[in-house]
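Enquirer: Just passing along the structure, written as structure tokens.
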Amino acid sequence: EPEVTQTPSHQVTQMGQEVILRCVPISNHLYFYWYRQILGQKVEFLVSFYNNEISEKSEIFDDQFSVERPDGSNFTLKIRSTKLEDSAMYFCASATGRLAGEETQYFGPGTRLLVL
Amino acid sequence: GESVGLHLPTLSVQEGDNSIINCAYSNSASDYFIWYKQESGKGPQFIIDIRSNMDKRQGQRVTVLLNKTVKHLSLQIAATQPGDSAVYFCAEAYGGSQGNLIFGKGTKLSVKP
């Protein structure tokens, strides 16, 4: 069964450093998402991406964040200058479409980011 | 809205019993609802979804009920097994968005053998 994959599984970085989190969505999916989950809290939406551009973003997704689909398979989240409060689990998700029956989002296993 | 923090509501059931997990959603305009299961250290795993034009949907051992009048969603798990132990999240989305999901706080299900 196709799965969303994410790398790395864990990332430790120093405050102020840039990190890039990588995702390979399910191959025939067209809609891509990043979410994050701070330890013990809800999963929170960050950004959605379709047709090579951002569709929607939350207040969390400020100028320090960017997303990119550099090729036909990868979808990346970059944090330009990490802050302590960026420490969280970051999940990538993908969906076939937005119509009924297509919109189920399938999540990857996550990248645990720790900013020191 | 729901509070956030380290303490999740917990449901403890005996193996073989039925489980009912409840969720209050926030947006009356939401038209798509989904239940996810999250095991420790893993990503949310899709269980079942329902659109707002339905009030009940059944899957394998799971049933989702939607009550739009009171903005309430429930997940019923039949014959609960130890492998069902996890945190269960409901999530909602509305058609005007690009599908971004709004997650609830979660309920921890613990199955006693």
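Numbering starts fresh at 1 for the residues of each chain in the structure tokens, the chains themselves are lettered A, B, ... in the order given, and ligands are numbered from 1 as they appear.
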As a short mmCIF file (atom, residue, chain, number, x, y, z; two decimals) with C-alpha atoms, in the first residue's frame, please: the residues near Ser110 in chain B (cut-off 7 Å, only C-alpha atoms, same-chain neighbours under 4 positions excluded).
Expert:
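And here's part_33.cif as it stands now:
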data_model
loop_
_atom_site.label_atom_id
_atom_site.label_comp_id
_atom_site.auth_asym_id
_atom_site.auth_seq_id
_atom_site.Cartn_x
_atom_site.Cartn_y
_atom_site.Cartn_z
CA LEU B 11 -11.28 6.05 27.90
CA SER B 12 -10.45 2.70 29.41
CA VAL B 13 -12.32 -0.36 28.15
CA SER B 85 -5.07 1.36 22.08
CA ALA B 86 -4.02 4.77 20.80
#
Enquirer: Leaving out range 39-44 of chain B and any residue of its chain fewer than 3 positions from it, which residues lie within 6 Å of it when counting only C-alpha atoms, given as a VMD selection string?
Expert: (chain A and resid 107 to 110) or (chain B and resid 36 86)
Enquirer: Select residues of chain B: the criterion is any atom within 12 Å of an atom of chain A, counting only C-alpha atoms; output as a PyMOL selection string.
Expert: chain B and resi 2-9+31-53+87-108
Enquirer: Just the selected residues (C-alpha atoms), exported as a PDB file, in the first residue's frame, please.
Expert:
ATOM      1  CA  GLU B   2     -11.091  23.079  23.440  1.00  0.00           C
ATOM      2  CA  SER B   3      -8.259  23.621  25.848  1.00  0.00           C
ATOM      3  CA  VAL B   4      -4.820  22.316  25.037  1.00  0.00           C
ATOM      4  CA  GLY B   5      -2.313  20.759  27.347  1.00  0.00           C
ATOM      5  CA  LEU B   6      -0.710  17.533  28.416  1.00  0.00           C
ATOM      6  CA  HIS B   7      -3.795  15.866  29.821  1.00  0.00           C
ATOM      7  CA  LEU B   8      -5.940  14.001  27.352  1.00  0.00           C
ATOM      8  CA  PRO B   9      -9.359  12.611  28.139  1.00  0.00           C
ATOM      9  CA  ASP B  31     -18.785  19.708   5.791  1.00  0.00           C
ATOM     10  CA  TYR B  32     -16.185  16.979   6.074  1.00  0.00           C
ATOM     11  CA  PHE B  33     -15.155  15.076   9.160  1.00  0.00           C
ATOM     12  CA  ILE B  34     -12.543  12.451   9.722  1.00  0.00           C
ATOM     13  CA  TRP B  35     -11.284  10.243  12.517  1.00  0.00           C
ATOM     14  CA  TYR B  36      -7.605   9.483  12.897  1.00  0.00           C
ATOM     15  CA  LYS B  37      -5.789   7.073  15.171  1.00  0.00           C
ATOM     16  CA  GLN B  38      -2.345   7.989  16.415  1.00  0.00           C
ATOM     17  CA  GLU B  39      -0.054   5.500  18.058  1.00  0.00           C
ATOM     18  CA  SER B  40       2.890   6.694  20.078  1.00  0.00           C
ATOM     19  CA  GLY B  41       5.628   8.180  17.880  1.00  0.00           C
ATOM     20  CA  LYS B  42       3.672   7.718  14.655  1.00  0.00           C
ATOM     21  CA  GLY B  43       1.659   9.872  12.305  1.00  0.00           C
ATOM     22  CA  PRO B  44      -2.147  10.058  12.307  1.00  0.00           C
ATOM     23  CA  GLN B  45      -3.651   7.032  10.613  1.00  0.00           C
ATOM     24  CA  PHE B  46      -6.952   7.387   8.734  1.00  0.00           C
ATOM     25  CA  ILE B  47      -9.837   5.404  10.205  1.00  0.00           C
ATOM     26  CA  ILE B  48     -13.056   6.661   8.685  1.00  0.00           C
ATOM     27  CA  ASP B  49     -14.591   9.839   7.317  1.00  0.00           C
ATOM     28  CA  ILE B  50     -18.050  11.273   6.777  1.00  0.00           C
ATOM     29  CA  ARG B  51     -19.492  14.182   4.861  1.00  0.00           C
ATOM     30  CA  SER B  52     -22.129  16.478   6.280  1.00  0.00           C
ATOM     31  CA  ASN B  53     -24.886  15.103   4.017  1.00  0.00           C
ATOM     32  CA  VAL B  87      -5.008   8.432  20.802  1.00  0.00           C
ATOM     33  CA  TYR B  88      -8.011   9.152  18.590  1.00  0.00           C
ATOM     34  CA  PHE B  89      -8.477  12.548  16.964  1.00  0.00           C
ATOM     35  CA  CYS B  90     -11.458  13.943  15.174  1.00  0.00           C
ATOM     36  CA  ALA B  91     -10.790  16.544  12.506  1.00  0.00           C
ATOM     37  CA  GLU B  92     -13.046  18.841  10.494  1.00  0.00           C
ATOM     38  CA  ALA B  93     -12.749  20.766   7.260  1.00  0.00           C
ATOM     39  CA  TYR B  94     -15.053  23.048   5.370  1.00  0.00           C
ATOM     40  CA  GLY B  95     -15.557  23.320   1.655  1.00  0.00           C
ATOM     41  CA  GLY B  96     -14.387  26.892   1.417  1.00  0.00           C
ATOM     42  CA  SER B  97     -10.904  25.957   2.509  1.00  0.00           C
ATOM     43  CA  GLN B  98      -8.303  23.993   0.612  1.00  0.00           C
ATOM     44  CA  GLY B  99      -8.907  21.060   2.868  1.00  0.00           C
ATOM     45  CA  ASN B 100      -6.828  22.044   5.830  1.00  0.00           C
ATOM     46  CA  LEU B 101      -7.963  19.957   8.750  1.00  0.00           C
ATOM     47  CA  ILE B 102      -8.788  21.365  12.165  1.00  0.00           C
ATOM     48  CA  PHE B 103      -7.974  18.725  14.739  1.00  0.00           C
ATOM     49  CA  GLY B 104      -9.609  18.174  18.079  1.00  0.00           C
ATOM     50  CA  LYS B 105      -7.631  17.563  21.229  1.00  0.00           C
ATOM     51  CA  GLY B 106      -7.788  13.784  21.141  1.00  0.00           C
ATOM     52  CA  THR B 107      -8.931  10.972  23.392  1.00  0.00           C
ATOM     53  CA  LYS B 108      -6.633   8.289  24.656  1.00  0.00           C
TER      54      LYS B 108
END
Enquirer: Quick one, how far is CA of Ala79 in chain B from CA of Cys23 in chain B?
Expert: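 CA of Cys23 in chain B lies 20.4 Å from CA of Ala79 in chain B.
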Enquirer: Please determine, counting only C-alpha atoms, which residue among A:Asn52, A:Glu102, A:Leu114, A:Gln14 has the shortest atom-to-atom distance to Thr76 in chain A.
Expert: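 Looking at the shortest contact to Thr76 in chain A, the residue is A:Asn52.
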Enquirer: I need the strand (DSSP E) residues of range 25-101 of chain B per DSSP on the backbone, written as a compact mmCIF listing (two decimals) with all heavy atoms, in the first residue's frame.
Expert:
# COMPACT_ATOMS: atom_id res chain seq x y z
N TYR B 32 -16.94 18.23 6.22
CA TYR B 32 -16.19 16.98 6.07
C TYR B 32 -15.52 16.69 7.41
O TYR B 32 -14.88 17.58 8.00
CB TYR B 32 -15.16 17.12 4.96
CG TYR B 32 -14.26 15.93 4.77
CD1 TYR B 32 -14.77 14.70 4.38
CD2 TYR B 32 -12.89 16.03 5.00
CE1 TYR B 32 -13.94 13.61 4.22
CE2 TYR B 32 -12.06 14.94 4.83
CZ TYR B 32 -12.59 13.73 4.44
OH TYR B 32 -11.77 12.65 4.28
N PHE B 33 -15.65 15.45 7.85
CA PHE B 33 -15.16 15.08 9.16
C PHE B 33 -14.41 13.75 9.05
O PHE B 33 -14.79 12.88 8.27
CB PHE B 33 -16.32 14.92 10.15
CG PHE B 33 -17.19 16.15 10.21
CD1 PHE B 33 -18.27 16.29 9.36
CD2 PHE B 33 -16.91 17.16 11.12
CE1 PHE B 33 -19.06 17.41 9.38
CE2 PHE B 33 -17.70 18.30 11.16
CZ PHE B 33 -18.77 18.43 10.30
N ILE B 34 -13.40 13.63 9.86
CA ILE B 34 -12.54 12.45 9.72
C ILE B 34 -12.01 12.05 11.09
O ILE B 34 -11.78 12.92 11.94
CB ILE B 34 -11.41 12.77 8.71
CG1 ILE B 34 -10.61 11.55 8.34
CG2 ILE B 34 -10.52 13.88 9.18
CD1 ILE B 34 -9.74 11.79 7.10
N TRP B 35 -11.89 10.77 11.30
CA TRP B 35 -11.28 10.24 12.52
C TRP B 35 -9.92 9.66 12.18
O TRP B 35 -9.78 8.90 11.22
CB TRP B 35 -12.16 9.15 13.14
CG TRP B 35 -13.31 9.67 13.94
CD1 TRP B 35 -14.61 9.77 13.54
CD2 TRP B 35 -13.27 10.14 15.30
NE1 TRP B 35 -15.38 10.28 14.56
CE2 TRP B 35 -14.58 10.52 15.65
CE3 TRP B 35 -12.25 10.28 16.25
CZ2 TRP B 35 -14.90 11.02 16.91
CZ3 TRP B 35 -12.57 10.78 17.49
CH2 TRP B 35 -13.87 11.15 17.81
N TYR B 36 -8.95 10.03 13.02
CA TYR B 36 -7.60 9.48 12.90
C TYR B 36 -7.22 8.78 14.20
O TYR B 36 -7.64 9.17 15.28
CB TYR B 36 -6.57 10.59 12.64
CG TYR B 36 -6.58 11.15 11.24
CD1 TYR B 36 -7.27 12.31 10.94
CD2 TYR B 36 -5.86 10.53 10.23
CE1 TYR B 36 -7.26 12.84 9.66
CE2 TYR B 36 -5.85 11.05 8.94
CZ TYR B 36 -6.55 12.20 8.67
OH TYR B 36 -6.53 12.71 7.39
N LYS B 37 -6.38 7.79 14.04
CA LYS B 37 -5.79 7.07 15.17
C LYS B 37 -4.30 7.39 15.17
O LYS B 37 -3.65 7.35 14.12
CB LYS B 37 -6.01 5.57 14.97
CG LYS B 37 -5.27 4.66 15.92
CD LYS B 37 -5.49 3.19 15.50
CE LYS B 37 -4.74 2.24 16.39
NZ LYS B 37 -4.90 0.83 15.94
N GLN B 38 -3.77 7.71 16.34
CA GLN B 38 -2.34 7.99 16.42
C GLN B 38 -1.70 7.16 17.51
O GLN B 38 -2.02 7.32 18.69
CB GLN B 38 -2.08 9.47 16.67
CG GLN B 38 -0.60 9.84 16.58
CD GLN B 38 -0.34 11.33 16.77
OE1 GLN B 38 -1.10 12.02 17.44
NE2 GLN B 38 0.74 11.82 16.17
N GLN B 45 -3.25 8.07 11.55
CA GLN B 45 -3.65 7.03 10.61
C GLN B 45 -5.16 7.14 10.36
O GLN B 45 -5.94 7.13 11.31
CB GLN B 45 -3.30 5.66 11.20
CG GLN B 45 -3.71 4.48 10.35
CD GLN B 45 -3.50 3.16 11.08
OE1 GLN B 45 -2.89 3.13 12.16
NE2 GLN B 45 -3.98 2.09 10.51
N PHE B 46 -5.55 7.25 9.11
CA PHE B 46 -6.95 7.39 8.73
C PHE B 46 -7.76 6.18 9.21
O PHE B 46 -7.35 5.03 9.06
CB PHE B 46 -7.05 7.51 7.21
CG PHE B 46 -8.46 7.41 6.68
CD1 PHE B 46 -9.30 8.49 6.75
CD2 PHE B 46 -8.91 6.22 6.12
CE1 PHE B 46 -10.60 8.40 6.26
CE2 PHE B 46 -10.20 6.13 5.63
CZ PHE B 46 -11.04 7.22 5.69
N ILE B 47 -8.93 6.48 9.81
CA ILE B 47 -9.84 5.40 10.20
C ILE B 47 -11.08 5.43 9.34
O ILE B 47 -11.43 4.47 8.67
CB ILE B 47 -10.25 5.54 11.68
CG1 ILE B 47 -9.02 5.50 12.60
CG2 ILE B 47 -11.22 4.42 12.07
CD1 ILE B 47 -9.37 5.78 14.04
N ILE B 48 -11.80 6.55 9.40
CA ILE B 48 -13.06 6.66 8.68
C ILE B 48 -13.41 8.13 8.55
O ILE B 48 -13.00 8.95 9.35
CB ILE B 48 -14.18 5.88 9.42
CG1 ILE B 48 -15.42 5.74 8.56
CG2 ILE B 48 -14.50 6.53 10.78
CD1 ILE B 48 -16.44 4.74 9.11
N ASP B 49 -14.16 8.46 7.51
CA ASP B 49 -14.59 9.84 7.32
C ASP B 49 -16.08 9.88 7.00
O ASP B 49 -16.72 8.86 6.73
CB ASP B 49 -13.77 10.54 6.23
CG ASP B 49 -13.83 9.83 4.87
OD1 ASP B 49 -14.55 8.82 4.74
OD2 ASP B 49 -13.12 10.29 3.95
N ILE B 50 -16.64 11.09 7.06
CA ILE B 50 -18.05 11.27 6.78
C ILE B 50 -18.27 12.70 6.29
O ILE B 50 -17.62 13.64 6.77
CB ILE B 50 -18.91 10.96 8.03
CG1 ILE B 50 -20.40 10.95 7.69
CG2 ILE B 50 -18.62 11.96 9.16
CD1 ILE B 50 -21.26 10.37 8.81
N ARG B 51 -19.15 12.85 5.33
CA ARG B 51 -19.49 14.18 4.86
C ARG B 51 -20.77 14.65 5.55
O ARG B 51 -21.53 13.83 6.09
CB ARG B 51 -19.66 14.19 3.34
CG ARG B 51 -18.37 13.86 2.61
CD ARG B 51 -18.40 14.31 1.17
NE ARG B 51 -18.41 15.75 1.05
CZ ARG B 51 -17.33 16.52 1.06
NH1 ARG B 51 -16.14 15.97 1.20
NH2 ARG B 51 -17.43 17.82 0.92
N LYS B 56 -24.47 8.91 9.38
CA LYS B 56 -23.87 7.67 9.87
C LYS B 56 -23.08 7.03 8.72
O LYS B 56 -23.52 7.04 7.56
CB LYS B 56 -24.96 6.71 10.36
CG LYS B 56 -24.46 5.37 10.87
CD LYS B 56 -25.63 4.52 11.35
CE LYS B 56 -25.17 3.17 11.85
NZ LYS B 56 -26.32 2.36 12.34
N ARG B 57 -21.95 6.47 9.09
CA ARG B 57 -21.17 5.73 8.10
C ARG B 57 -20.46 4.59 8.81
O ARG B 57 -19.92 4.78 9.90
CB ARG B 57 -20.17 6.64 7.41
CG ARG B 57 -19.54 6.01 6.18
CD ARG B 57 -18.75 6.98 5.35
NE ARG B 57 -18.31 6.34 4.13
CZ ARG B 57 -17.17 6.59 3.52
NH1 ARG B 57 -16.34 7.49 4.02
NH2 ARG B 57 -16.86 5.97 2.41
N GLN B 58 -20.46 3.43 8.18
CA GLN B 58 -19.85 2.26 8.82
C GLN B 58 -18.66 1.77 8.04
O GLN B 58 -18.63 1.80 6.81
CB GLN B 58 -20.88 1.14 8.94
CG GLN B 58 -21.96 1.44 9.97
CD GLN B 58 -22.91 0.27 10.15
OE1 GLN B 58 -23.73 0.00 9.30
NE2 GLN B 58 -22.80 -0.40 11.29
N VAL B 62 -15.85 -0.19 12.79
CA VAL B 62 -16.01 1.20 13.22
C VAL B 62 -17.24 1.83 12.59
O VAL B 62 -17.60 1.50 11.46
CB VAL B 62 -14.76 2.05 12.90
CG1 VAL B 62 -13.56 1.58 13.71
CG2 VAL B 62 -14.44 2.04 11.43
N THR B 63 -17.85 2.72 13.35
CA THR B 63 -18.99 3.50 12.87
C THR B 63 -18.80 4.94 13.32
O THR B 63 -18.43 5.19 14.46
CB THR B 63 -20.31 2.96 13.49
OG1 THR B 63 -20.46 1.59 13.12
CG2 THR B 63 -21.51 3.76 12.99
N VAL B 64 -19.05 5.85 12.41
CA VAL B 64 -19.00 7.27 12.76
C VAL B 64 -20.43 7.82 12.69
O VAL B 64 -21.18 7.53 11.75
CB VAL B 64 -18.03 8.06 11.86
CG1 VAL B 64 -18.35 7.90 10.39
CG2 VAL B 64 -18.02 9.53 12.24
N LEU B 65 -20.80 8.57 13.71
CA LEU B 65 -22.09 9.23 13.77
C LEU B 65 -21.89 10.73 13.81
O LEU B 65 -21.00 11.23 14.51
CB LEU B 65 -22.85 8.78 15.03
CG LEU B 65 -23.18 7.29 15.15
CD1 LEU B 65 -23.86 7.02 16.49
CD2 LEU B 65 -24.06 6.83 14.01
N LEU B 66 -22.70 11.42 13.05
CA LEU B 66 -22.60 12.87 12.97
C LEU B 66 -23.93 13.50 13.35
O LEU B 66 -24.97 13.17 12.77
CB LEU B 66 -22.21 13.29 11.54
CG LEU B 66 -22.19 14.79 11.22
CD1 LEU B 66 -21.14 15.50 12.07
CD2 LEU B 66 -21.94 15.02 9.74
N ASN B 67 -23.90 14.39 14.31
CA ASN B 67 -25.09 15.14 14.71
C ASN B 67 -24.79 16.61 14.49
O ASN B 67 -24.14 17.26 15.31
CB ASN B 67 -25.43 14.86 16.17
CG ASN B 67 -26.73 15.51 16.59
OD1 ASN B 67 -27.12 16.56 16.05
ND2 ASN B 67 -27.41 14.93 17.56
N HIS B 72 -21.71 17.47 16.93
CA HIS B 72 -21.12 16.36 17.67
C HIS B 72 -20.82 15.21 16.73
O HIS B 72 -21.59 14.88 15.83
CB HIS B 72 -22.10 15.91 18.76
CG HIS B 72 -21.55 14.84 19.64
ND1 HIS B 72 -21.79 13.50 19.40
CD2 HIS B 72 -20.80 14.90 20.76
CE1 HIS B 72 -21.18 12.79 20.33
NE2 HIS B 72 -20.58 13.61 21.17
N LEU B 73 -19.69 14.60 16.96
CA LEU B 73 -19.20 13.49 16.16
C LEU B 73 -18.82 12.37 17.12
O LEU B 73 -18.26 12.64 18.20
CB LEU B 73 -17.95 13.96 15.41
CG LEU B 73 -17.41 13.24 14.21
CD1 LEU B 73 -18.40 13.28 13.07
CD2 LEU B 73 -16.11 13.89 13.78
N SER B 74 -19.13 11.15 16.78
CA SER B 74 -18.67 10.05 17.62
C SER B 74 -18.09 8.93 16.77
O SER B 74 -18.44 8.76 15.61
CB SER B 74 -19.80 9.52 18.51
OG SER B 74 -20.76 8.87 17.72
N LEU B 75 -17.20 8.19 17.39
CA LEU B 75 -16.59 7.03 16.77
C LEU B 75 -16.89 5.83 17.64
O LEU B 75 -16.59 5.83 18.83
CB LEU B 75 -15.07 7.21 16.65
CG LEU B 75 -14.31 6.01 16.09
CD1 LEU B 75 -14.62 5.82 14.61
CD2 LEU B 75 -12.81 6.17 16.32
N GLN B 76 -17.52 4.83 17.06
CA GLN B 76 -17.81 3.61 17.78
C GLN B 76 -16.90 2.51 17.25
O GLN B 76 -16.81 2.31 16.05
CB GLN B 76 -19.27 3.22 17.61
CG GLN B 76 -20.23 4.28 18.12
CD GLN B 76 -21.68 3.91 17.89
OE1 GLN B 76 -21.99 2.87 17.34
NE2 GLN B 76 -22.58 4.80 18.31
N ILE B 77 -16.23 1.83 18.16
CA ILE B 77 -15.37 0.71 17.80
C ILE B 77 -15.99 -0.54 18.41
O ILE B 77 -16.16 -0.62 19.64
CB ILE B 77 -13.93 0.90 18.32
CG1 ILE B 77 -13.35 2.23 17.81
CG2 ILE B 77 -13.05 -0.27 17.88
CD1 ILE B 77 -12.00 2.57 18.42
N ALA B 86 -4.66 3.66 21.51
CA ALA B 86 -4.02 4.77 20.80
C ALA B 86 -4.73 6.05 21.22
O ALA B 86 -5.67 6.03 22.00
CB ALA B 86 -4.13 4.59 19.28
N VAL B 87 -4.27 7.17 20.66
CA VAL B 87 -5.01 8.43 20.80
C VAL B 87 -5.84 8.62 19.54
O VAL B 87 -5.34 8.45 18.43
CB VAL B 87 -4.05 9.62 21.00
CG1 VAL B 87 -4.83 10.93 21.05
CG2 VAL B 87 -3.24 9.44 22.28
N TYR B 88 -7.10 8.96 19.71
CA TYR B 88 -8.01 9.15 18.59
C TYR B 88 -8.36 10.64 18.46
O TYR B 88 -8.76 11.29 19.43
CB TYR B 88 -9.27 8.32 18.79
CG TYR B 88 -9.00 6.85 18.61
CD1 TYR B 88 -8.42 6.10 19.65
CD2 TYR B 88 -9.26 6.20 17.42
CE1 TYR B 88 -8.13 4.76 19.48
CE2 TYR B 88 -8.98 4.86 17.24
CZ TYR B 88 -8.41 4.14 18.28
OH TYR B 88 -8.11 2.81 18.11
N PHE B 89 -8.18 11.15 17.25
CA PHE B 89 -8.48 12.55 16.96
C PHE B 89 -9.62 12.64 15.97
O PHE B 89 -9.63 11.92 14.96
CB PHE B 89 -7.28 13.25 16.32
CG PHE B 89 -6.09 13.42 17.21
CD1 PHE B 89 -5.07 12.50 17.19
CD2 PHE B 89 -6.00 14.52 18.04
CE1 PHE B 89 -3.94 12.67 18.00
CE2 PHE B 89 -4.88 14.70 18.85
CZ PHE B 89 -3.86 13.77 18.83
N CYS B 90 -10.54 13.57 16.24
CA CYS B 90 -11.46 13.94 15.17
C CYS B 90 -10.89 15.18 14.50
O CYS B 90 -10.12 15.93 15.09
CB CYS B 90 -12.86 14.22 15.73
SG CYS B 90 -12.97 15.68 16.78
N ALA B 91 -11.23 15.36 13.24
CA ALA B 91 -10.79 16.54 12.51
C ALA B 91 -11.94 16.99 11.60
O ALA B 91 -12.76 16.18 11.18
CB ALA B 91 -9.53 16.25 11.68
N GLU B 92 -11.99 18.29 11.33
CA GLU B 92 -13.05 18.84 10.49
C GLU B 92 -12.43 19.71 9.41
O GLU B 92 -11.32 20.23 9.57
CB GLU B 92 -14.03 19.66 11.35
CG GLU B 92 -13.35 20.83 12.06
CD GLU B 92 -14.29 21.59 12.99
OE1 GLU B 92 -15.27 22.19 12.51
OE2 GLU B 92 -14.01 21.58 14.21
N ALA B 93 -13.17 19.86 8.33
CA ALA B 93 -12.75 20.77 7.26
C ALA B 93 -14.01 21.33 6.63
O ALA B 93 -15.07 20.71 6.67
CB ALA B 93 -11.91 20.04 6.22
Enquirer: Between A:Pro70, A:Ile20, A:His29, A:Leu116, single out the one closest to Pro8 in chain A, counting only C-alpha atoms.
Expert: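 Distance minimum relative to Pro8 in chain A lands on A:Ile20.
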Enquirer: Would you kindly return, as a list in words, each protein, DNA or RNA residue with an atom no farther than 7 Å from any atom of Pro113 in chain B, considering only C-alpha atoms and excluding same-chain residues fewer than 4 positions away?
Expert: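 Residues near the query, excluding close chain neighbours: Gln14, Glu15 and Pro82 of chain B.
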Enquirer: Within 9 Å of Ser28 in chain B, counting only C-alpha atoms, which residues qualify if same-chain residues fewer than 2 places away don't, as a PyMOL selection string?
Expert: chain B and resi 25-26+30-31+68-69+71+94
Enquirer: Quick one: write out the picked residues with all heavy atoms as a short mmCIF file (atom, residue, chain, number, x, y, z; two decimals), in the first residue's frame?
Expert:
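Result written to part-v3.cif:
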data_model
loop_
_atom_site.label_atom_id
_atom_site.label_comp_id
_atom_site.auth_asym_id
_atom_site.auth_seq_id
_atom_site.Cartn_x
_atom_site.Cartn_y
_atom_site.Cartn_z
N TYR B 25 -17.21 19.41 17.51
CA TYR B 25 -16.46 20.21 16.54
C TYR B 25 -16.88 21.66 16.61
O TYR B 25 -17.89 21.99 17.23
CB TYR B 25 -16.58 19.63 15.13
CG TYR B 25 -17.96 19.61 14.51
CD1 TYR B 25 -18.43 20.68 13.75
CD2 TYR B 25 -18.77 18.49 14.65
CE1 TYR B 25 -19.68 20.64 13.16
CE2 TYR B 25 -20.02 18.45 14.06
CZ TYR B 25 -20.47 19.52 13.32
OH TYR B 25 -21.72 19.48 12.73
N SER B 26 -16.11 22.52 15.99
CA SER B 26 -16.25 23.95 16.29
C SER B 26 -16.97 24.76 15.23
O SER B 26 -17.60 25.77 15.55
CB SER B 26 -14.86 24.55 16.53
OG SER B 26 -14.02 24.35 15.41
N SER B 30 -18.44 23.44 8.69
CA SER B 30 -17.63 22.28 8.31
C SER B 30 -18.50 21.25 7.62
O SER B 30 -19.64 20.98 8.04
CB SER B 30 -16.97 21.66 9.54
OG SER B 30 -15.99 22.53 10.05
N ASP B 31 -17.99 20.67 6.55
CA ASP B 31 -18.79 19.71 5.79
C ASP B 31 -18.08 18.37 5.60
O ASP B 31 -18.59 17.49 4.91
CB ASP B 31 -19.19 20.29 4.43
CG ASP B 31 -17.99 20.67 3.57
OD1 ASP B 31 -16.85 20.47 4.02
OD2 ASP B 31 -18.21 21.18 2.47
N LYS B 68 -25.28 17.13 13.38
CA LYS B 68 -24.95 18.52 13.01
C LYS B 68 -25.69 19.52 13.89
O LYS B 68 -25.23 20.65 14.08
CB LYS B 68 -25.27 18.77 11.54
CG LYS B 68 -24.41 17.94 10.59
CD LYS B 68 -24.75 18.23 9.14
CE LYS B 68 -26.07 17.65 8.72
NZ LYS B 68 -26.03 16.15 8.71
N THR B 69 -26.80 19.10 14.44
CA THR B 69 -27.59 20.01 15.27
C THR B 69 -26.80 20.47 16.48
O THR B 69 -26.84 21.65 16.85
CB THR B 69 -28.88 19.32 15.73
OG1 THR B 69 -29.61 18.87 14.59
CG2 THR B 69 -29.73 20.26 16.55
N LYS B 71 -23.42 19.77 16.72
CA LYS B 71 -22.01 19.75 16.31
C LYS B 71 -21.22 18.69 17.07
O LYS B 71 -20.21 18.96 17.72
CB LYS B 71 -21.38 21.14 16.48
CG LYS B 71 -21.98 22.18 15.55
CD LYS B 71 -21.20 23.48 15.50
CE LYS B 71 -21.31 24.23 16.79
NZ LYS B 71 -20.67 25.57 16.75
N TYR B 94 -13.89 22.51 6.05
CA TYR B 94 -15.05 23.05 5.37
C TYR B 94 -14.72 23.35 3.92
O TYR B 94 -13.58 23.60 3.57
CB TYR B 94 -15.62 24.26 6.10
CG TYR B 94 -14.96 25.58 5.80
CD1 TYR B 94 -15.54 26.48 4.91
CD2 TYR B 94 -13.79 25.94 6.43
CE1 TYR B 94 -14.95 27.68 4.65
CE2 TYR B 94 -13.19 27.14 6.18
CZ TYR B 94 -13.77 28.02 5.29
OH TYR B 94 -13.18 29.22 5.03
#
